[in-house]
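Shown next: work_31.cif, containing mmCIF, C-alpha atoms and all ligand atoms.
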data_upload
#
loop_
_atom_site.label_atom_id
_atom_site.label_comp_id
_atom_site.auth_asym_id
_atom_site.auth_seq_id
_atom_site.Cartn_x
_atom_site.Cartn_y
_atom_site.Cartn_z
CA MET A 163 50.43 15.76 14.34
CA LYS A 164 46.77 16.42 15.17
CA ASN A 165 44.99 14.67 18.01
CA ILE A 166 41.44 13.83 17.01
CA ALA A 167 38.75 12.55 19.39
CA LEU A 168 35.99 10.38 17.95
CA PHE A 169 32.51 10.63 19.49
CA ALA A 170 30.03 7.80 18.83
CA SER A 171 26.77 6.47 20.30
CA GLY A 172 26.16 3.22 18.46
CA SER A 173 27.77 0.53 16.39
CA GLY A 174 30.84 2.57 15.53
CA SER A 175 31.42 1.21 12.04
CA ASN A 176 32.49 4.69 10.91
CA VAL A 177 34.84 4.97 13.89
CA GLU A 178 36.47 1.69 12.90
CA ASN A 179 36.74 2.71 9.25
CA ILE A 180 38.34 6.07 10.17
CA ILE A 181 40.88 4.52 12.54
CA ARG A 182 41.87 1.88 9.98
CA TYR A 183 42.18 4.49 7.22
CA PHE A 184 44.62 6.64 9.23
CA ARG A 185 46.49 3.78 10.90
CA ASP A 186 49.81 4.43 9.13
CA ASP A 187 49.43 8.20 8.77
CA THR A 188 51.71 10.03 11.18
CA ASN A 189 49.88 13.36 10.71
CA PHE A 190 46.72 12.17 12.43
CA ASN A 191 46.37 10.54 15.81
CA PHE A 192 43.14 9.09 17.21
CA PRO A 193 44.00 8.64 20.89
CA LEU A 194 40.51 8.14 22.28
CA ILE A 195 36.85 7.42 21.63
CA ILE A 196 34.06 8.91 23.71
CA SER A 197 30.52 7.58 23.92
CA ASN A 198 27.42 8.66 25.78
CA LYS A 199 26.27 5.00 25.78
CA GLN A 200 27.83 2.46 28.08
CA ASP A 201 26.65 -0.56 26.09
CA ALA A 202 27.36 0.82 22.61
CA TYR A 203 29.07 -1.67 20.29
CA VAL A 204 31.71 0.98 19.55
CA HIS A 205 33.40 -0.02 22.86
CA GLU A 206 33.88 -3.58 21.51
CA ARG A 207 35.36 -2.25 18.29
CA ALA A 208 37.63 0.06 20.29
CA LYS A 209 38.99 -2.90 22.27
CA LYS A 210 39.77 -4.80 19.06
CA LEU A 211 41.42 -1.72 17.55
CA GLY A 212 43.45 -1.09 20.70
CA VAL A 213 42.10 2.43 21.14
CA PRO A 214 40.81 3.43 24.58
CA SER A 215 37.10 4.25 24.73
CA PHE A 216 35.30 6.09 27.50
CA PHE A 217 31.68 6.30 28.56
CA TYR A 218 30.36 9.58 29.89
CA LYS A 219 26.71 10.12 30.69
CA LYS A 220 24.91 13.21 29.41
CA GLU A 221 25.33 15.25 32.61
CA ARG A 222 29.11 14.90 32.45
CA PHE A 223 29.16 16.37 28.94
CA GLU A 224 27.12 19.27 30.23
CA ASN A 225 29.01 19.98 33.47
CA GLY A 226 32.40 20.37 31.76
CA GLU A 227 33.94 17.02 32.76
CA VAL A 228 34.22 15.79 29.19
CA LEU A 229 35.74 19.09 28.09
CA ALA A 230 38.33 18.89 30.87
CA PHE A 231 39.17 15.36 29.75
CA LEU A 232 39.58 16.48 26.11
CA LEU A 233 41.84 19.36 27.11
CA LYS A 234 43.90 17.15 29.43
CA ASN A 235 44.47 14.80 26.48
CA GLN A 236 45.43 17.69 24.18
CA ILE A 237 42.65 16.99 21.71
CA ASP A 238 42.79 19.38 18.73
CA PHE A 239 39.71 18.29 16.81
CA ILE A 240 36.48 16.35 17.39
CA VAL A 241 34.75 14.10 14.86
CA LEU A 242 31.17 13.00 15.51
CA ALA A 243 30.66 9.61 13.89
CA GLY A 244 27.14 8.50 14.74
CA PHE A 245 27.02 10.59 17.93
CA LEU A 246 23.42 11.21 18.92
CA LEU A 247 23.69 13.57 21.86
CA LYS A 248 23.57 17.30 21.29
CA VAL A 249 27.08 18.68 21.82
CA PRO A 250 26.82 21.10 24.76
CA HIS A 251 27.76 24.76 24.63
CA ASN A 252 30.95 24.38 26.71
CA ILE A 253 32.52 22.00 24.17
CA ILE A 254 31.39 23.98 21.11
CA GLN A 255 32.82 27.15 22.60
CA ALA A 256 36.16 25.51 23.37
CA TYR A 257 36.40 23.99 19.85
CA PRO A 258 35.17 26.65 17.40
CA ASP A 259 35.21 25.27 13.83
CA LYS A 260 36.95 22.19 15.18
CA ILE A 261 34.02 19.80 15.39
CA ILE A 262 32.50 18.03 12.40
CA ASN A 263 29.58 15.66 12.07
CA ILE A 264 28.35 13.24 9.45
CA HIS A 265 24.64 13.14 8.75
CA PRO A 266 23.11 10.25 6.75
CA ALA A 267 21.02 12.40 4.37
CA LEU A 268 21.26 15.45 2.16
CA LEU A 269 20.83 18.34 4.62
CA PRO A 270 18.90 20.59 5.00
CA LYS A 271 16.44 17.81 4.16
CA PHE A 272 15.83 15.18 6.86
CA GLY A 273 17.78 16.92 9.62
CA GLY A 274 16.96 18.16 13.09
CA LYS A 275 15.92 16.57 16.36
CA GLY A 276 14.88 12.92 16.09
CA MET A 277 16.47 12.57 12.64
CA PHE A 278 19.20 10.03 13.18
CA GLY A 279 20.19 6.59 11.93
CA SER A 280 17.29 4.49 10.64
CA HIS A 281 14.71 7.25 11.29
CA VAL A 282 16.34 9.28 8.54
CA HIS A 283 16.22 6.44 5.99
CA GLU A 284 12.61 5.60 6.90
CA ALA A 285 11.63 9.24 6.32
CA VAL A 286 13.46 9.29 2.98
CA VAL A 287 11.57 6.19 1.80
CA ALA A 288 8.20 7.41 3.15
CA ASN A 289 8.72 10.68 1.29
CA LYS A 290 9.42 8.81 -1.97
CA GLU A 291 12.72 10.59 -2.47
CA THR A 292 14.66 9.63 -5.59
CA GLU A 293 18.03 10.36 -3.98
CA SER A 294 19.71 10.50 -0.60
CA GLY A 295 23.30 10.68 0.56
CA ILE A 296 25.64 12.06 3.19
CA THR A 297 26.40 15.50 4.54
CA ILE A 298 29.56 16.40 6.44
CA HIS A 299 29.21 19.68 8.30
CA TYR A 300 30.64 21.81 11.07
CA VAL A 301 28.80 21.55 14.36
CA ASN A 302 27.17 24.52 16.02
CA GLU A 303 24.58 24.93 18.77
CA ASN A 304 21.68 23.68 16.61
CA TYR A 305 21.20 20.14 15.33
CA ASP A 306 22.44 19.70 11.77
CA GLU A 307 22.68 23.42 10.97
CA GLY A 308 26.42 24.12 10.86
CA GLN A 309 28.18 25.00 7.63
CA ILE A 310 28.17 22.17 5.09
CA VAL A 311 31.59 21.04 3.91
CA PHE A 312 30.77 18.08 1.72
CA GLN A 313 27.85 16.13 0.28
CA ALA A 314 27.67 12.96 -1.81
CA LYS A 315 24.54 11.45 -3.32
CA CYS A 316 23.13 8.02 -4.01
CA GLU A 317 20.10 6.94 -5.96
CA VAL A 318 16.96 5.78 -4.13
CA LEU A 319 14.93 3.34 -6.24
CA PRO A 320 11.14 2.98 -5.84
CA ALA A 321 11.58 -0.57 -4.46
CA ASP A 322 14.29 0.40 -1.94
CA THR A 323 13.58 -0.22 1.76
CA ALA A 324 15.04 1.92 4.54
CA GLU A 325 17.68 -0.82 5.00
CA ASP A 326 18.65 -0.59 1.32
CA VAL A 327 19.07 3.17 1.61
CA ALA A 328 21.07 2.76 4.83
CA ALA A 329 23.45 0.37 3.05
CA LYS A 330 23.99 2.82 0.17
CA VAL A 331 24.55 5.69 2.60
CA HIS A 332 26.99 3.69 4.73
CA GLU A 333 28.98 2.92 1.60
CA LEU A 334 29.29 6.66 0.89
CA GLU A 335 30.27 7.30 4.51
CA TYR A 336 33.05 4.72 4.39
CA ARG A 337 34.31 6.02 1.07
CA TYR A 338 34.34 9.76 1.82
CA PHE A 339 34.36 10.51 5.55
CA PRO A 340 38.03 9.67 6.29
CA GLU A 341 39.18 11.51 3.18
CA ILE A 342 37.24 14.66 4.15
CA ILE A 343 38.51 14.47 7.73
CA GLY A 344 42.05 14.42 6.34
CA LYS A 345 41.34 17.52 4.26
CA ILE A 346 39.55 19.55 6.95
CA VAL A 347 41.74 18.81 9.93
C1 LIG A 401 25.80 6.81 10.51
O1 LIG A 401 25.04 6.47 9.38
C2 LIG A 401 25.78 8.30 10.74
O2 LIG A 401 25.68 9.04 9.56
C3 LIG A 401 24.54 8.47 11.58
O3 LIG A 401 24.56 7.37 12.45
C4 LIG A 401 25.16 6.25 11.77
C5 LIG A 401 26.16 5.62 12.71
O4 LIG A 401 26.63 4.40 12.19
N1 LIG A 401 24.54 9.72 12.27
C6 LIG A 401 23.42 10.39 12.55
O5 LIG A 401 22.30 9.97 12.28
C7 LIG A 401 23.62 11.73 13.21
N2 LIG A 401 22.43 12.51 13.19
P1 LIG A 401 27.92 3.71 12.81
O6 LIG A 401 27.75 3.73 14.34
O7 LIG A 401 27.91 2.32 12.30
O8 LIG A 401 29.12 4.48 12.37
#

Since I need it in another form, could you write the structure as structure tokens?
Amino acid sequence: MKNIALFASGSGSNVENIIRYFRDDTNFNFPLIISNKQDAYVHERAKKLGVPSFFYKKERFENGEVLAFLLKNQIDFIVLAGFLLKVPHNIIQAYPDKIINIHPALLPKFGGKGMFGSHVHEAVVANKETESGITIHYVNENYDEGQIVFQAKCEVLPADTAEDVAAKVHELEYRYFPEIIGKIV
């Protein structure tokens, strides 16, 4: 049995999808959700799912409090599902090759600081890309630069808006992220 912590900053639709996917799987346990946003919708989803969620502000990630909390709860693996804060050194060091992230584009394109959520899809449309997709990768000290484990693509049509691309990308996330988590962990 592996204990996996989910980190999220926003709506948490991936968090919900992951928890539902593994609900009856005794090999994977998702005992807690951590967010750096107090008012993130992920806390509402957590309540409905019956999984405890915790808010920690940025400083408490950086001063080791979050790490202490993860260790106290015997967390084996961390999954970033729409988590927009840079994971600090202390956590990366304590969880080498045990943190993965999902990025809503085909890295190395459209990655790096400021490239998250809708900003990514807007940049894809502005650049007249003909495809986009998802990238699941290990997390290291730099934004979006850890080893890539999985990518899936979708078509971007000339008439597509950023919202259209976001919908296609979300669909890929829901379809593949839980499956890849199961394989990696
Ligand atoms: C997802 O599309 C995820 O790929 C993206 O944030 C969204 C969160 O949606 N992550 C990043 O942009 C990370 N750089 P959700 O809160 O509904 O799961």

Contacts of chain A with ligand LIG 401 (chain A) up to 9 Å, shortest pair per row, all atoms listed in the file, as a Markdown table:
| residue | atom | partner | partner_atom | distance |
| --- | --- | --- | --- | --- |
| A:Ala170 | CA | A:LIG401 | O6 | 6.5 |
| A:Ser171 | CA | A:LIG401 | O6 | 6.6 |
| A:Gly172 | CA | A:LIG401 | O6 | 4.4 |
| A:Ser173 | CA | A:LIG401 | O6 | 3.8 |
| A:Gly174 | CA | A:LIG401 | O6 | 3.5 |
| A:Ser175 | CA | A:LIG401 | O7 | 3.7 |
| A:Asn176 | CA | A:LIG401 | O8 | 3.7 |
| A:Val177 | CA | A:LIG401 | O8 | 5.9 |
| A:Glu178 | CA | A:LIG401 | O8 | 7.9 |
| A:Asn179 | CA | A:LIG401 | O8 | 8.4 |
| A:Ala202 | CA | A:LIG401 | O6 | 8.8 |
| A:Tyr203 | CA | A:LIG401 | O6 | 8.1 |
| A:Val204 | CA | A:LIG401 | O6 | 7.1 |
| A:Leu242 | CA | A:LIG401 | C7 | 8.0 |
| A:Ala243 | CA | A:LIG401 | O8 | 5.6 |
| A:Gly244 | CA | A:LIG401 | O3 | 3.6 |
| A:Phe245 | CA | A:LIG401 | C7 | 5.9 |
| A:Leu246 | CA | A:LIG401 | C7 | 5.7 |
| A:Leu247 | CA | A:LIG401 | N2 | 8.8 |
| A:Asn263 | CA | A:LIG401 | C7 | 7.2 |
| A:Ile264 | CA | A:LIG401 | O2 | 5.0 |
| A:His265 | CA | A:LIG401 | O2 | 4.3 |
| A:Pro266 | CA | A:LIG401 | O2 | 4.0 |
| A:Ala267 | CA | A:LIG401 | O2 | 7.7 |
| A:Gly273 | CA | A:LIG401 | N2 | 7.3 |
| A:Gly274 | CA | A:LIG401 | N2 | 7.9 |
| A:Lys275 | CA | A:LIG401 | N2 | 8.3 |
| A:Gly276 | CA | A:LIG401 | N2 | 8.1 |
| A:Met277 | CA | A:LIG401 | N2 | 6.0 |
| A:Phe278 | CA | A:LIG401 | O5 | 3.2 |
| A:Gly279 | CA | A:LIG401 | O5 | 4.0 |
| A:Ser280 | CA | A:LIG401 | O5 | 7.6 |
| A:His281 | CA | A:LIG401 | O5 | 8.1 |
| A:Val282 | CA | A:LIG401 | O5 | 7.1 |
| A:Ile296 | CA | A:LIG401 | O2 | 7.0 |
| A:Thr297 | CA | A:LIG401 | O2 | 8.2 |
| A:Ile298 | CA | A:LIG401 | O2 | 8.9 |
| A:Tyr305 | CA | A:LIG401 | N2 | 8.0 |
| A:Asp306 | CA | A:LIG401 | N2 | 7.3 |
| A:Ala328 | CA | A:LIG401 | O1 | 7.1 |
| A:Ala329 | CA | A:LIG401 | O1 | 8.9 |
| A:Val331 | CA | A:LIG401 | O1 | 6.8 |
| A:His332 | CA | A:LIG401 | O1 | 5.8 |
| A:Glu335 | CA | A:LIG401 | O2 | 7.0 |
| A:Tyr336 | CA | A:LIG401 | O8 | 8.9 |

Residue selection dump (C-alpha atoms) as a PDB file, keeping the file's coordinate frame:
ATOM      1  CA  ALA A 170      30.030   7.800  18.830  1.00  0.00           C
ATOM      2  CA  SER A 171      26.770   6.470  20.300  1.00  0.00           C
ATOM      3  CA  GLY A 172      26.160   3.220  18.460  1.00  0.00           C
ATOM      4  CA  SER A 173      27.770   0.530  16.390  1.00  0.00           C
ATOM      5  CA  GLY A 174      30.840   2.570  15.530  1.00  0.00           C
ATOM      6  CA  SER A 175      31.420   1.210  12.040  1.00  0.00           C
ATOM      7  CA  ASN A 176      32.490   4.690  10.910  1.00  0.00           C
ATOM      8  CA  VAL A 177      34.840   4.970  13.890  1.00  0.00           C
ATOM      9  CA  GLU A 178      36.470   1.690  12.900  1.00  0.00           C
ATOM     10  CA  ASN A 179      36.740   2.710   9.250  1.00  0.00           C
ATOM     11  CA  ALA A 202      27.360   0.820  22.610  1.00  0.00           C
ATOM     12  CA  TYR A 203      29.070  -1.670  20.290  1.00  0.00           C
ATOM     13  CA  VAL A 204      31.710   0.980  19.550  1.00  0.00           C
ATOM     14  CA  LEU A 242      31.170  13.000  15.510  1.00  0.00           C
ATOM     15  CA  ALA A 243      30.660   9.610  13.890  1.00  0.00           C
ATOM     16  CA  GLY A 244      27.140   8.500  14.740  1.00  0.00           C
ATOM     17  CA  PHE A 245      27.020  10.590  17.930  1.00  0.00           C
ATOM     18  CA  LEU A 246      23.420  11.210  18.920  1.00  0.00           C
ATOM     19  CA  LEU A 247      23.690  13.570  21.860  1.00  0.00           C
ATOM     20  CA  ASN A 263      29.580  15.660  12.070  1.00  0.00           C
ATOM     21  CA  ILE A 264      28.350  13.240   9.450  1.00  0.00           C
ATOM     22  CA  HIS A 265      24.640  13.140   8.750  1.00  0.00           C
ATOM     23  CA  PRO A 266      23.110  10.250   6.750  1.00  0.00           C
ATOM     24  CA  ALA A 267      21.020  12.400   4.370  1.00  0.00           C
ATOM     25  CA  GLY A 273      17.780  16.920   9.620  1.00  0.00           C
ATOM     26  CA  GLY A 274      16.960  18.160  13.090  1.00  0.00           C
ATOM     27  CA  LYS A 275      15.920  16.570  16.360  1.00  0.00           C
ATOM     28  CA  GLY A 276      14.880  12.920  16.090  1.00  0.00           C
ATOM     29  CA  MET A 277      16.470  12.570  12.640  1.00  0.00           C
ATOM     30  CA  PHE A 278      19.200  10.030  13.180  1.00  0.00           C
ATOM     31  CA  GLY A 279      20.190   6.590  11.930  1.00  0.00           C
ATOM     32  CA  SER A 280      17.290   4.490  10.640  1.00  0.00           C
ATOM     33  CA  HIS A 281      14.710   7.250  11.290  1.00  0.00           C
ATOM     34  CA  VAL A 282      16.340   9.280   8.540  1.00  0.00           C
ATOM     35  CA  ILE A 296      25.640  12.060   3.190  1.00  0.00           C
ATOM     36  CA  THR A 297      26.400  15.500   4.540  1.00  0.00           C
ATOM     37  CA  ILE A 298      29.560  16.400   6.440  1.00  0.00           C
ATOM     38  CA  TYR A 305      21.200  20.140  15.330  1.00  0.00           C
ATOM     39  CA  ASP A 306      22.440  19.700  11.770  1.00  0.00           C
ATOM     40  CA  ALA A 328      21.070   2.760   4.830  1.00  0.00           C
ATOM     41  CA  ALA A 329      23.450   0.370   3.050  1.00  0.00           C
ATOM     42  CA  VAL A 331      24.550   5.690   2.600  1.00  0.00           C
ATOM     43  CA  HIS A 332      26.990   3.690   4.730  1.00  0.00           C
ATOM     44  CA  GLU A 335      30.270   7.300   4.510  1.00  0.00           C
ATOM     45  CA  TYR A 336      33.050   4.720   4.390  1.00  0.00           C
TER      46      TYR A 336
END

Would you kindly return, as a JSON list (two decimals) with C-alpha atoms, in the coordinates of the input, each protein, DNA or RNA residue with an atom no farther than 9 Å from any atom of Gln309 (chain A), considering only C-alpha atoms and excluding same-chain residues fewer than 2 positions away?
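Written output follows (result21.json):
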[["chain", "number", "residue", "atom", "x", "y", "z"],
["A", 298, "ILE", "CA", 29.56, 16.40, 6.44],
["A", 299, "HIS", "CA", 29.21, 19.68, 8.30],
["A", 300, "TYR", "CA", 30.64, 21.81, 11.07],
["A", 301, "VAL", "CA", 28.80, 21.55, 14.36],
["A", 302, "ASN", "CA", 27.17, 24.52, 16.02],
["A", 306, "ASP", "CA", 22.44, 19.70, 11.77],
["A", 307, "GLU", "CA", 22.68, 23.42, 10.97],
["A", 311, "VAL", "CA", 31.59, 21.04, 3.91]]

Quick one: pull the distance between CA of Val327 (chain A) and CA of Ile180 (chain A), Å, one decimal.
->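 Answer for the CA of Val327 (chain A) to CA of Ile180 (chain A) separation: 21.3 Å.
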
How far is it from CA of Leu194 (chain A) to CA of Ser215 (chain A), in Å with one decimal?
->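 Atom-to-atom, CA of Leu194 (chain A) to CA of Ser215 (chain A), that is 5.7 Å.
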
Identify, on the basis of only C-alpha atoms, every residue whose closest approach to Ile343 (chain A) does not exceed 9 Å; exclude the query and any residue fewer than 5 positions from it along the same chain; express the result as a ChimeraX atom specification.
-> /A:180,241,262,338

Between A:Ile240, A:Ile166, A:Ile346, A:Ala288, which has the minimum distance to Asp322 (chain A) (counting all atoms listed in the file)?
->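 Closest candidate: A:Ala288.
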
How far is it from CA of Gly308 (chain A) to CA of Gly295 (chain A), in Å with one decimal?
-> 17.2 Å

Closest to Lys330 (chain A) among A:Gln313, A:Asn304, A:Lys234, A:His283, using only C-alpha atoms?
->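 Among the listed residues, A:His283 lies closest to Lys330 (chain A).
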
From the list A:Ile196, A:Val287, A:Ile254, A:Leu211, which residue is nearest Ala324 (chain A) when using only C-alpha atoms?
-> A:Val287

Could you pull the residues within 8 Å of Val213 (chain A), counting all atoms listed in the file, minus those fewer than 4 positions along the same chain, as a ChimeraX atom specification?
-> /A:192-195,208-209

May I ask which of the residues A:Tyr257, A:Tyr183, A:Phe169, A:Phe190 is the closest one to Glu303 (chain A), counting all atoms listed in the file?
->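 With all atoms listed in the file as the atom set, the closest residue is A:Tyr257.
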
Counting all atoms listed in the file, the option among A:His205, A:Phe239, A:Ile253, A:Asn165 closest to Glu227 (chain A) = A:Ile253

Residue nearest Ala230 (chain A) - candidates A:Asn252, A:Thr188, A:Asn198, A:Ser294, atoms counted: all atoms listed in the file |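 Closest residue, counting all atoms listed in the file: A:Asn252.
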
Residues within 10 Å of Ala256 (chain A), only C-alpha atoms, excluding chain neighbours under 4 positions, as JSON, numbers by chain = {"A": [229, 233, 251, 252, 260]}
